[in-house]
Amino acid sequence: MVITLKRFVLDACTIYLGTVTDPTNLEGLTELGLTNGGVNVNIVPDVREIEFDGKRGRKIKDMSRVLGYEVSVETKGLEINEEILALSLIKKDTSETVAGYTKFIPNNTIEYKDLVVVGQMHGSKPMVVVLKNCLNEEGFALETSDSSEGTFTLKAFANYDYDPVADVNGTNNAPVVIYVPEEKQI
């Protein structure tokens with residue numbers, strides 16, 4: 001096996017609102033804004049061990065089931081905008097206007113949005129992660145301190161589309177797609 005030093009992501013990733021099916025075409029996406037401290041993408045399988053007599057507490061090959069995946073993206077955001085607030089269940093209120101301000105209020109209607117995380121790979125082509133049906137379930141919490149910029153935490157979870165036929169047979173349609181450029185293209 002040959003080890004190359006070209007297969008890594010440079011710097012912090014950028015988060016966009018929208019979706020892509022072709023990682024070479026990122027047009028039409030809306031950047032969510034500046035981040036502070038990097039971006040974390042987590043794809044964690046929910047693995048259930050099948051219990052049976054004689055197992056004696058050990059993990060046994062071929063006796064595990066993947067029930068699904070918990071998929072999320074997390075970052076500290078710097079820019080507060082309508083898209084960030086909407087992901088956090090806070091919507092623009094147009095019922096009344098105040099000169100020089102846009103009014104936002106908590107919202108009970110859930111609107112899922114796809115998020116795209118783009119990280120520049122060493123070389124020229126980016127790695128693209130598409131998280132489907134996202135929602136910032138932890139809400140909006142602004143953190144401020146003296147001599148520093150205010151930040152808020154964005155932890156958006158991807159959600160499955162419900163498919164009763166696929167769910168009977170065990171769905172493998174995890175709400176995430178990862179596009180990694182082929183090695184020869186870097």
# chains A, B, ... in the order shown; residues from 1 in each chain; ligands from 1
>>> residues_around(residues="Ile43 (chain A)", least_positions_apart="3", cutoff="7 Å", atoms="only C-alpha atoms", output="list of chain:residue names")
A:Tyr69, A:Glu70, A:Val71, A:Ser72
>>> residues_around(residues="Ile105 (chain A)", least_positions_apart="3", cutoff="7 Å", atoms="only C-alpha atoms", output="list in words")
Ile90, Lys91, Lys92 and Asp93 of chain A
>>> write_last_selection(atoms="N, CA, C and O atoms", output="tab-separated table (two decimals), in the first residue's frame")
chain	number	residue	atom	x	y	z
A	90	ILE	N	-37.17	29.76	14.14
A	90	ILE	CA	-37.50	31.17	14.37
A	90	ILE	C	-37.74	31.79	12.99
A	90	ILE	O	-36.89	31.72	12.12
A	91	LYS	N	-38.93	32.36	12.81
A	91	LYS	CA	-39.29	32.86	11.48
A	91	LYS	C	-39.48	34.37	11.48
A	91	LYS	O	-39.72	35.00	12.51
A	92	LYS	N	-39.40	34.91	10.27
A	92	LYS	CA	-39.65	36.34	10.08
A	92	LYS	C	-41.13	36.60	10.30
A	92	LYS	O	-41.98	35.86	9.81
A	93	ASP	N	-41.44	37.65	11.07
A	93	ASP	CA	-42.82	38.04	11.34
A	93	ASP	C	-43.10	39.33	10.58
A	93	ASP	O	-42.50	40.36	10.86
>>> closest_atom_pairs(of="region 74-168 of chain A", to="region 11-21 of chain A", cutoff="8 Å", atoms="only C-alpha atoms", output="tab-separated table")
residue	atom	partner	partner_atom	distance
A:Glu83	CA	A:Leu17	CA	7.8
A:Lys113	CA	A:Gly18	CA	7.0
A:Asp114	CA	A:Gly18	CA	5.2
A:Leu115	CA	A:Leu17	CA	4.8
A:Val116	CA	A:Tyr16	CA	5.0
A:Val117	CA	A:Ile15	CA	4.6
A:Val118	CA	A:Thr14	CA	5.3
A:Gly119	CA	A:Cys13	CA	4.4
A:Gln120	CA	A:Cys13	CA	7.2
A:Val130	CA	A:Thr19	CA	6.6
A:Lys132	CA	A:Thr19	CA	7.9
>>> closest_residue(among="A:Leu67, A:Val128, A:Val9, A:Leu87", to="Leu26 (chain A)", atoms="only C-alpha atoms")
A:Val128
>>> residues_around(residues="Ala174 (chain A)", least_positions_apart="2", cutoff="12 Å", atoms="only C-alpha atoms", output="PyMOL selection string")
chain A and resi 43-46+66-72+130-133+158-163+166-167+170-172+176-178
>>> select_by_dssp(residues="chain A", states="strand (DSSP E)", output="MDAnalysis selection string")
chainID A and resid 9:17 30:31 35:49 64:77 90:92 104:106 113:121 126:134 142:143 151:157 176:179
>>> closest_residue(among="A:Glu82, A:Glu111, A:Glu143, A:Glu49", to="Thr30 (chain A)", atoms="only C-alpha atoms")
A:Glu82
>>> closest_residue(among="A:Lys155, A:Arg65, A:Lys59, A:Lys103", to="Val47 (chain A)", atoms="only C-alpha atoms")
A:Arg65
>>> atom_distance(atom1="CA of Gly38 (chain A)", atom2="CA of Lys76 (chain A)")
7.5 Å
>>> select_by_dssp(residues="chain A", states="helix (DSSP H, G or I)", output="PyMOL selection string")
chain A and resi 82-87+164-169+183-185
>>> residues_around(residues="Glu74 (chain A)", least_positions_apart="6", cutoff="9 Å", atoms="only C-alpha atoms", output="PyMOL selection string")
chain A and resi 38-42+153-157
>>> write_last_selection(atoms="all heavy atoms", output="JSON list (two decimals), in the first residue's frame")
[["chain", "number", "residue", "atom", "x", "y", "z"],
["A", 38, "GLY", "N", -14.25, 26.11, 13.48],
["A", 38, "GLY", "CA", -14.35, 24.95, 12.59],
["A", 38, "GLY", "C", -15.77, 24.41, 12.49],
["A", 38, "GLY", "O", -16.71, 24.92, 13.07],
["A", 39, "VAL", "N", -15.89, 23.35, 11.69],
["A", 39, "VAL", "CA", -17.16, 22.69, 11.42],
["A", 39, "VAL", "C", -16.98, 21.20, 11.70],
["A", 39, "VAL", "O", -16.00, 20.60, 11.25],
["A", 39, "VAL", "CB", -17.58, 22.91, 9.95],
["A", 39, "VAL", "CG1", -18.83, 22.11, 9.62],
["A", 39, "VAL", "CG2", -17.78, 24.39, 9.66],
["A", 40, "ASN", "N", -17.90, 20.61, 12.44],
["A", 40, "ASN", "CA", -17.86, 19.17, 12.73],
["A", 40, "ASN", "C", -19.03, 18.48, 12.04],
["A", 40, "ASN", "O", -20.18, 18.87, 12.25],
["A", 40, "ASN", "CB", -17.96, 18.90, 14.23],
["A", 40, "ASN", "CG", -16.80, 19.47, 14.99],
["A", 40, "ASN", "OD1", -15.67, 19.43, 14.54],
["A", 40, "ASN", "ND2", -17.08, 20.02, 16.16],
["A", 41, "VAL", "N", -18.74, 17.46, 11.26],
["A", 41, "VAL", "CA", -19.76, 16.62, 10.65],
["A", 41, "VAL", "C", -19.68, 15.27, 11.34],
["A", 41, "VAL", "O", -18.60, 14.68, 11.43],
["A", 41, "VAL", "CB", -19.55, 16.45, 9.13],
["A", 41, "VAL", "CG1", -20.56, 15.47, 8.54],
["A", 41, "VAL", "CG2", -19.64, 17.79, 8.43],
["A", 42, "ASN", "N", -20.82, 14.79, 11.84],
["A", 42, "ASN", "CA", -20.86, 13.50, 12.55],
["A", 42, "ASN", "C", -21.85, 12.57, 11.87],
["A", 42, "ASN", "O", -23.00, 12.95, 11.65],
["A", 42, "ASN", "CB", -21.27, 13.70, 14.01],
["A", 42, "ASN", "CG", -20.28, 14.55, 14.75],
["A", 42, "ASN", "OD1", -19.14, 14.18, 14.91],
["A", 42, "ASN", "ND2", -20.72, 15.72, 15.18],
["A", 153, "THR", "N", -24.48, 28.56, 18.66],
["A", 153, "THR", "CA", -24.22, 27.17, 18.29],
["A", 153, "THR", "C", -25.26, 26.72, 17.29],
["A", 153, "THR", "O", -26.46, 26.90, 17.49],
["A", 153, "THR", "CB", -24.27, 26.26, 19.53],
["A", 153, "THR", "OG1", -23.26, 26.68, 20.45],
["A", 153, "THR", "CG2", -24.04, 24.81, 19.16],
["A", 154, "LEU", "N", -24.78, 26.14, 16.20],
["A", 154, "LEU", "CA", -25.64, 25.50, 15.23],
["A", 154, "LEU", "C", -25.33, 24.01, 15.29],
["A", 154, "LEU", "O", -24.19, 23.61, 15.06],
["A", 154, "LEU", "CB", -25.38, 26.02, 13.81],
["A", 154, "LEU", "CG", -26.08, 25.24, 12.69],
["A", 154, "LEU", "CD1", -27.58, 25.50, 12.74],
["A", 154, "LEU", "CD2", -25.51, 25.61, 11.34],
["A", 155, "LYS", "N", -26.29, 23.22, 15.70],
["A", 155, "LYS", "CA", -26.16, 21.77, 15.65],
["A", 155, "LYS", "C", -27.39, 21.24, 14.95],
["A", 155, "LYS", "O", -28.44, 21.04, 15.56],
["A", 155, "LYS", "CB", -26.01, 21.14, 17.04],
["A", 155, "LYS", "CG", -25.72, 19.65, 16.95],
["A", 155, "LYS", "CD", -25.26, 19.05, 18.24],
["A", 155, "LYS", "CE", -24.84, 17.61, 18.03],
["A", 155, "LYS", "NZ", -24.37, 16.99, 19.27],
["A", 156, "ALA", "N", -27.26, 21.07, 13.65],
["A", 156, "ALA", "CA", -28.38, 20.65, 12.82],
["A", 156, "ALA", "C", -28.31, 19.14, 12.61],
["A", 156, "ALA", "O", -27.26, 18.60, 12.26],
["A", 156, "ALA", "CB", -28.35, 21.38, 11.49],
["A", 157, "PHE", "N", -29.43, 18.48, 12.84],
["A", 157, "PHE", "CA", -29.53, 17.05, 12.64],
["A", 157, "PHE", "C", -30.26, 16.76, 11.34],
["A", 157, "PHE", "O", -31.28, 17.37, 11.04],
["A", 157, "PHE", "CB", -30.31, 16.39, 13.80],
["A", 157, "PHE", "CG", -29.55, 16.39, 15.09],
["A", 157, "PHE", "CD1", -29.66, 17.46, 15.97],
["A", 157, "PHE", "CD2", -28.73, 15.33, 15.42],
["A", 157, "PHE", "CE1", -28.96, 17.46, 17.16],
["A", 157, "PHE", "CE2", -28.02, 15.33, 16.61],
["A", 157, "PHE", "CZ", -28.14, 16.40, 17.47]]
>>> atom_distance(atom1="CA of Arg7 (chain A)", atom2="CA of Asp22 (chain A)")
20.4 Å
